[in-house]
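Novice: Mind looking over this structure? Questions follow.
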Amino acid sequence: MGYKHCPARGPGCWSAGAQRELKPCLAGPTGAAAEPEPLTSATAAVRAPPSLIAPPCPALARRPDWLDAAQSGGPARRPAFPANAPEVDTLVVAPAQRISGRGTRGSGNAAETMPEIRVTPLGAGQDVGRSCILVSIAGKNVMLDCGMHMGFNDDRRFPDFSYITQNGRLTDFLDCVIISHFHLDHCGALPYFSEMVGYDGPIYMTHPTQAICPILLEDYRKIAVDKKGEANFFTSQMIKDCMKKVVAVHLHQTVQVDDELEIKAYYAGHVLGAAMFQIKVGSESVVYTGDYNMTPDRHLGAAWIDKCRPNLLITESTYATTIRDSKRCRERDFLKKVHETVERGGKVATAGVGA
């Protein structure tokens, strides 16, 4: 399978075409070589803030028009993100005419206008780590995951929250935060976000995630602060205060965030407690998968969701271009290595990771 050529730079730039291995653009804004970033993200077609990643391709970079426009709506609508926010790339699902009738929502033949849905990654736009996606749907602003990048030891480890607002508390701009699972690349920035930046609104996650998340956060805090002596990091008390804002949900439970916004969690099969979420405002909806697994194993089943027709699907794609051996072959190879090591008198340490 060949690569599609970038209209600005040719074959050195990546595109989301049919290919087995996606490649990032290797040229900076002036054509100078830049360090390539691994393109392994939940939203390969949506780019993260340029301040956090390699210089964006000029064919893809643009400042969205809606960034400078006021957001309309009644009192229940959140304020628009500020016009002086850092420049980012945003995917906009533009309004479209939908003809009601057989097989569609609505009745008759009247044309309905779908509201605009805006998706802005504040992290993990091009790499693994600091997963954090803003979704604006029908005047509601939802943050999906709030992760940390393990490859940095400064503020770059956190998502770029300054995009939301540079003045005031984040609670005024967000209706809720949803955490898909307890891995640090999806929840690691949560105490920093709520206690240091300032967010007092609801944080939704499943019951297992609520139980395991603070354990991993405290463990990483000990490594970063107590052992490495890093500064500008959250404390143990901040982790506890953050978890007090969590609202735990059950799978298949419909949660009414307010009069218009509702969410529903589905089994993701990734790790214990991992969930996909459907976000609905009226007749419009978005499905966010987070990390998920479709192959059942010896302790977790395959991901499952109700039959639905969301206006937008945001899905994990880290291994989307990877072709793996069958589970039986992988288990056989693993056991073979264990037996060989034990027979030589060695020891084997195994670590549990998400599928």
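Quick note on naming: the chains in the structure tokens go A, B, ... in the order shown, residues restart at 1 in each chain, and ligands are numbered from 1 in order of appearance.
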Give me the residues near segment 208-224 of chain A as a PyMOL selection string, where near means some atom within 7 Å (using only C-alpha atoms) and where sequence neighbours in that chain fewer than 3 positions away do not count.
Specialist: chain A and resi 181-182+188+205+227-230+236+239+248+272-273
Novice: Limited to N, CA, C and O atoms, could you put the picked residues into a file as a PDB file, in the first residue's frame?
Specialist:
```pdb
ATOM      1  N   HIS A 181     -10.835   5.234  31.534  1.00  0.00           N
ATOM      2  CA  HIS A 181     -10.249   4.160  32.342  1.00  0.00           C
ATOM      3  C   HIS A 181      -9.068   4.699  33.148  1.00  0.00           C
ATOM      4  O   HIS A 181      -8.715   5.868  33.036  1.00  0.00           O
ATOM      5  N   PHE A 182      -8.469   3.830  33.962  1.00  0.00           N
ATOM      6  CA  PHE A 182      -7.524   4.291  34.974  1.00  0.00           C
ATOM      7  C   PHE A 182      -6.073   4.423  34.518  1.00  0.00           C
ATOM      8  O   PHE A 182      -5.218   4.820  35.303  1.00  0.00           O
ATOM      9  N   GLY A 188      -4.059  10.740  34.261  1.00  0.00           N
ATOM     10  CA  GLY A 188      -2.947  11.203  35.074  1.00  0.00           C
ATOM     11  C   GLY A 188      -2.929  12.682  35.394  1.00  0.00           C
ATOM     12  O   GLY A 188      -2.330  13.100  36.385  1.00  0.00           O
ATOM     13  N   MET A 205     -16.816   8.499  35.851  1.00  0.00           N
ATOM     14  CA  MET A 205     -16.037   7.304  35.548  1.00  0.00           C
ATOM     15  C   MET A 205     -16.752   6.110  36.158  1.00  0.00           C
ATOM     16  O   MET A 205     -17.679   6.275  36.966  1.00  0.00           O
ATOM     17  N   LYS A 227      10.873  10.809  44.729  1.00  0.00           N
ATOM     18  CA  LYS A 227      12.126  10.223  44.251  1.00  0.00           C
ATOM     19  C   LYS A 227      12.873  11.137  43.289  1.00  0.00           C
ATOM     20  O   LYS A 227      14.090  11.264  43.356  1.00  0.00           O
ATOM     21  N   LYS A 228      12.159  11.780  42.362  1.00  0.00           N
ATOM     22  CA  LYS A 228      12.812  12.614  41.359  1.00  0.00           C
ATOM     23  C   LYS A 228      12.874  14.085  41.766  1.00  0.00           C
ATOM     24  O   LYS A 228      13.595  14.866  41.148  1.00  0.00           O
ATOM     25  N   GLY A 229      12.086  14.479  42.753  1.00  0.00           N
ATOM     26  CA  GLY A 229      12.108  15.864  43.220  1.00  0.00           C
ATOM     27  C   GLY A 229      11.508  16.853  42.247  1.00  0.00           C
ATOM     28  O   GLY A 229      11.893  18.027  42.237  1.00  0.00           O
ATOM     29  N   GLU A 230      10.558  16.423  41.433  1.00  0.00           N
ATOM     30  CA  GLU A 230       9.965  17.329  40.450  1.00  0.00           C
ATOM     31  C   GLU A 230       9.022  18.320  41.131  1.00  0.00           C
ATOM     32  O   GLU A 230       8.378  18.006  42.139  1.00  0.00           O
ATOM     33  N   SER A 236      -0.688  14.554  47.590  1.00  0.00           N
ATOM     34  CA  SER A 236      -1.583  13.463  47.996  1.00  0.00           C
ATOM     35  C   SER A 236      -2.960  13.996  48.358  1.00  0.00           C
ATOM     36  O   SER A 236      -3.985  13.386  48.029  1.00  0.00           O
ATOM     37  N   ILE A 239      -5.044  14.698  45.315  1.00  0.00           N
ATOM     38  CA  ILE A 239      -5.633  13.490  44.734  1.00  0.00           C
ATOM     39  C   ILE A 239      -6.932  13.146  45.460  1.00  0.00           C
ATOM     40  O   ILE A 239      -7.953  12.837  44.829  1.00  0.00           O
ATOM     41  N   ALA A 248     -19.423   8.132  40.223  1.00  0.00           N
ATOM     42  CA  ALA A 248     -19.242   6.796  39.655  1.00  0.00           C
ATOM     43  C   ALA A 248     -20.523   6.334  38.966  1.00  0.00           C
ATOM     44  O   ALA A 248     -21.629   6.566  39.466  1.00  0.00           O
ATOM     45  N   LEU A 272      -9.918  -3.573  33.552  1.00  0.00           N
ATOM     46  CA  LEU A 272     -11.027  -3.571  34.492  1.00  0.00           C
ATOM     47  C   LEU A 272     -11.594  -2.159  34.642  1.00  0.00           C
ATOM     48  O   LEU A 272     -10.870  -1.217  34.944  1.00  0.00           O
ATOM     49  N   GLY A 273     -12.869  -2.006  34.385  1.00  0.00           N
ATOM     50  CA  GLY A 273     -13.527  -0.713  34.517  1.00  0.00           C
ATOM     51  C   GLY A 273     -13.494   0.172  33.300  1.00  0.00           C
ATOM     52  O   GLY A 273     -14.129   1.234  33.297  1.00  0.00           O
TER      53      GLY A 273
END
```
Novice: Please provide the set of residues having any atom within 10 Å of Val142 of chain A, restricted to only C-alpha atoms, with same-chain residues fewer than 5 positions apart removed, written as a list in words.
Specialist: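 Here the answer would be Val119, Ile133, Leu134, Val135, Ser136, Ile137, Phe173, Leu174, Asp175, Cys176, Val177, Ile178, Leu261 and Ile279 of chain A.
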Novice: Just the selected residues (N, CA, C and O atoms), exported as a JSON list (two decimals), in the first residue's frame, please.
Specialist:
```json
[["chain", "number", "residue", "atom", "x", "y", "z"],
["A", 119, "VAL", "N", -14.65, 19.28, 17.71],
["A", 119, "VAL", "CA", -13.75, 18.37, 18.42],
["A", 119, "VAL", "C", -12.35, 18.97, 18.41],
["A", 119, "VAL", "O", -11.78, 19.23, 17.35],
["A", 133, "ILE", "N", -9.67, 15.33, 25.02],
["A", 133, "ILE", "CA", -10.40, 15.82, 23.85],
["A", 133, "ILE", "C", -11.59, 16.64, 24.30],
["A", 133, "ILE", "O", -12.38, 16.20, 25.14],
["A", 134, "LEU", "N", -11.73, 17.83, 23.74],
["A", 134, "LEU", "CA", -12.89, 18.68, 24.00],
["A", 134, "LEU", "C", -13.93, 18.47, 22.91],
["A", 134, "LEU", "O", -13.60, 18.51, 21.73],
["A", 135, "VAL", "N", -15.15, 18.24, 23.32],
["A", 135, "VAL", "CA", -16.25, 18.09, 22.37],
["A", 135, "VAL", "C", -17.32, 19.12, 22.71],
["A", 135, "VAL", "O", -17.78, 19.19, 23.85],
["A", 136, "SER", "N", -17.70, 19.92, 21.73],
["A", 136, "SER", "CA", -18.80, 20.87, 21.88],
["A", 136, "SER", "C", -19.95, 20.38, 21.00],
["A", 136, "SER", "O", -19.80, 20.26, 19.78],
["A", 137, "ILE", "N", -21.08, 20.09, 21.63],
["A", 137, "ILE", "CA", -22.23, 19.56, 20.91],
["A", 137, "ILE", "C", -23.49, 20.26, 21.42],
["A", 137, "ILE", "O", -23.78, 20.22, 22.62],
["A", 173, "PHE", "N", -16.73, 26.84, 31.89],
["A", 173, "PHE", "CA", -16.65, 26.54, 30.47],
["A", 173, "PHE", "C", -16.93, 25.07, 30.15],
["A", 173, "PHE", "O", -17.02, 24.72, 28.98],
["A", 174, "LEU", "N", -17.03, 24.23, 31.16],
["A", 174, "LEU", "CA", -17.22, 22.80, 30.94],
["A", 174, "LEU", "C", -18.45, 22.30, 31.67],
["A", 174, "LEU", "O", -18.70, 22.67, 32.82],
["A", 175, "ASP", "N", -19.22, 21.43, 31.00],
["A", 175, "ASP", "CA", -20.39, 20.83, 31.64],
["A", 175, "ASP", "C", -20.01, 19.59, 32.44],
["A", 175, "ASP", "O", -20.62, 19.31, 33.46],
["A", 176, "CYS", "N", -19.03, 18.83, 31.97],
["A", 176, "CYS", "CA", -18.58, 17.66, 32.71],
["A", 176, "CYS", "C", -17.29, 17.13, 32.12],
["A", 176, "CYS", "O", -16.89, 17.51, 31.01],
["A", 177, "VAL", "N", -16.64, 16.25, 32.88],
["A", 177, "VAL", "CA", -15.44, 15.55, 32.44],
["A", 177, "VAL", "C", -15.72, 14.05, 32.52],
["A", 177, "VAL", "O", -16.34, 13.58, 33.48],
["A", 178, "ILE", "N", -15.29, 13.31, 31.51],
["A", 178, "ILE", "CA", -15.49, 11.86, 31.46],
["A", 178, "ILE", "C", -14.13, 11.19, 31.37],
["A", 178, "ILE", "O", -13.30, 11.55, 30.53],
["A", 261, "LEU", "N", -28.20, 17.33, 28.68],
["A", 261, "LEU", "CA", -27.02, 16.49, 28.43],
["A", 261, "LEU", "C", -27.13, 15.17, 29.20],
["A", 261, "LEU", "O", -27.35, 15.18, 30.41],
["A", 279, "ILE", "N", -22.42, 10.29, 24.41],
["A", 279, "ILE", "CA", -22.83, 11.60, 24.90],
["A", 279, "ILE", "C", -23.97, 12.09, 24.00],
["A", 279, "ILE", "O", -23.82, 12.15, 22.78]]
```
Novice: So that I can check the surroundings of His270 of chain A, please list as a VMD selection string every protein, DNA and RNA residue that reaches within 12 Å of it, counting only C-alpha atoms and ignoring chain neighbours fewer than 6 positions away.
Specialist: chain A and resid 180 to 183 209 276 289 to 297 299 to 304 316 352 to 355
Novice: If we count only C-alpha atoms, what is near Asp241 of chain A at a cut-off of 12 Å, once residues fewer than 4 positions away on the same chain are taken out, given as a count of residues only?
Specialist: 17
Novice: As a PyMOL selection string, please: every residue in segment 169-238 of chain A that DSSP puts in strand (DSSP E).
Specialist: chain A and resi 176-178+203-206
Novice: Can I get the selection written as a PDB file, in the first residue's frame, with C-alpha atoms?
Specialist:
```
ATOM      1  CA  CYS A 176     -18.585  17.656  32.713  1.00  0.00           C
ATOM      2  CA  VAL A 177     -15.436  15.551  32.441  1.00  0.00           C
ATOM      3  CA  ILE A 178     -15.493  11.863  31.462  1.00  0.00           C
ATOM      4  CA  ILE A 203     -16.135  13.959  36.819  1.00  0.00           C
ATOM      5  CA  TYR A 204     -17.686  10.731  35.546  1.00  0.00           C
ATOM      6  CA  MET A 205     -16.037   7.304  35.548  1.00  0.00           C
ATOM      7  CA  THR A 206     -16.994   3.714  36.344  1.00  0.00           C
TER       8      THR A 206
END
```
Novice: Looking at A:Met148, A:Leu335, A:Val287, A:Leu170, which one is nearest to Lys307 of chain A, with distances taken over only C-alpha atoms?
Specialist: A:Val287
Novice: Which residue out of A:Leu91, A:Ala138, A:Ala274, A:Val255 has the minimum interatomic distance to Cys187 of chain A when only C-alpha atoms are used?
Specialist: A:Ala274
Novice: Which of these, A:Arg298, A:Ser317, A:Asn141, A:Gly345, has the shortest distance to Ala124 of chain A once you count only C-alpha atoms?
Specialist: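 Of A:Arg298, A:Ser317, A:Asn141, A:Gly345, the one nearest Ala124 of chain A is A:Ser317, counting only C-alpha atoms.
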Novice: In Å, rounded to a single decimal, give me how far atom CA of Ile179 of chain A is from atom CA of Glu116 of chain A.
Specialist: 23.7 Å
Novice: Just want the 6 Å neighbourhood of Gln253 of chain A, counted on only C-alpha atoms, with same-chain residues fewer than 2 positions away dropped. Output as a ChimeraX atom specification.
Specialist: /A:250-251,264
Novice: For the atom pair atom CA of His186 of chain A and atom CA of Asp306 of chain A, what is the interatomic distance in Å to one decimal place?
Specialist: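 Distance reported for this atom pair: 23.7 Å.
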Novice: Could you give me the residues within segment 101-294 of chain A that DSSP places in alpha helix (DSSP H), as a VMD selection string?
Specialist: chain A and resid 184 to 187 190 to 191 207 to 221 236 to 243
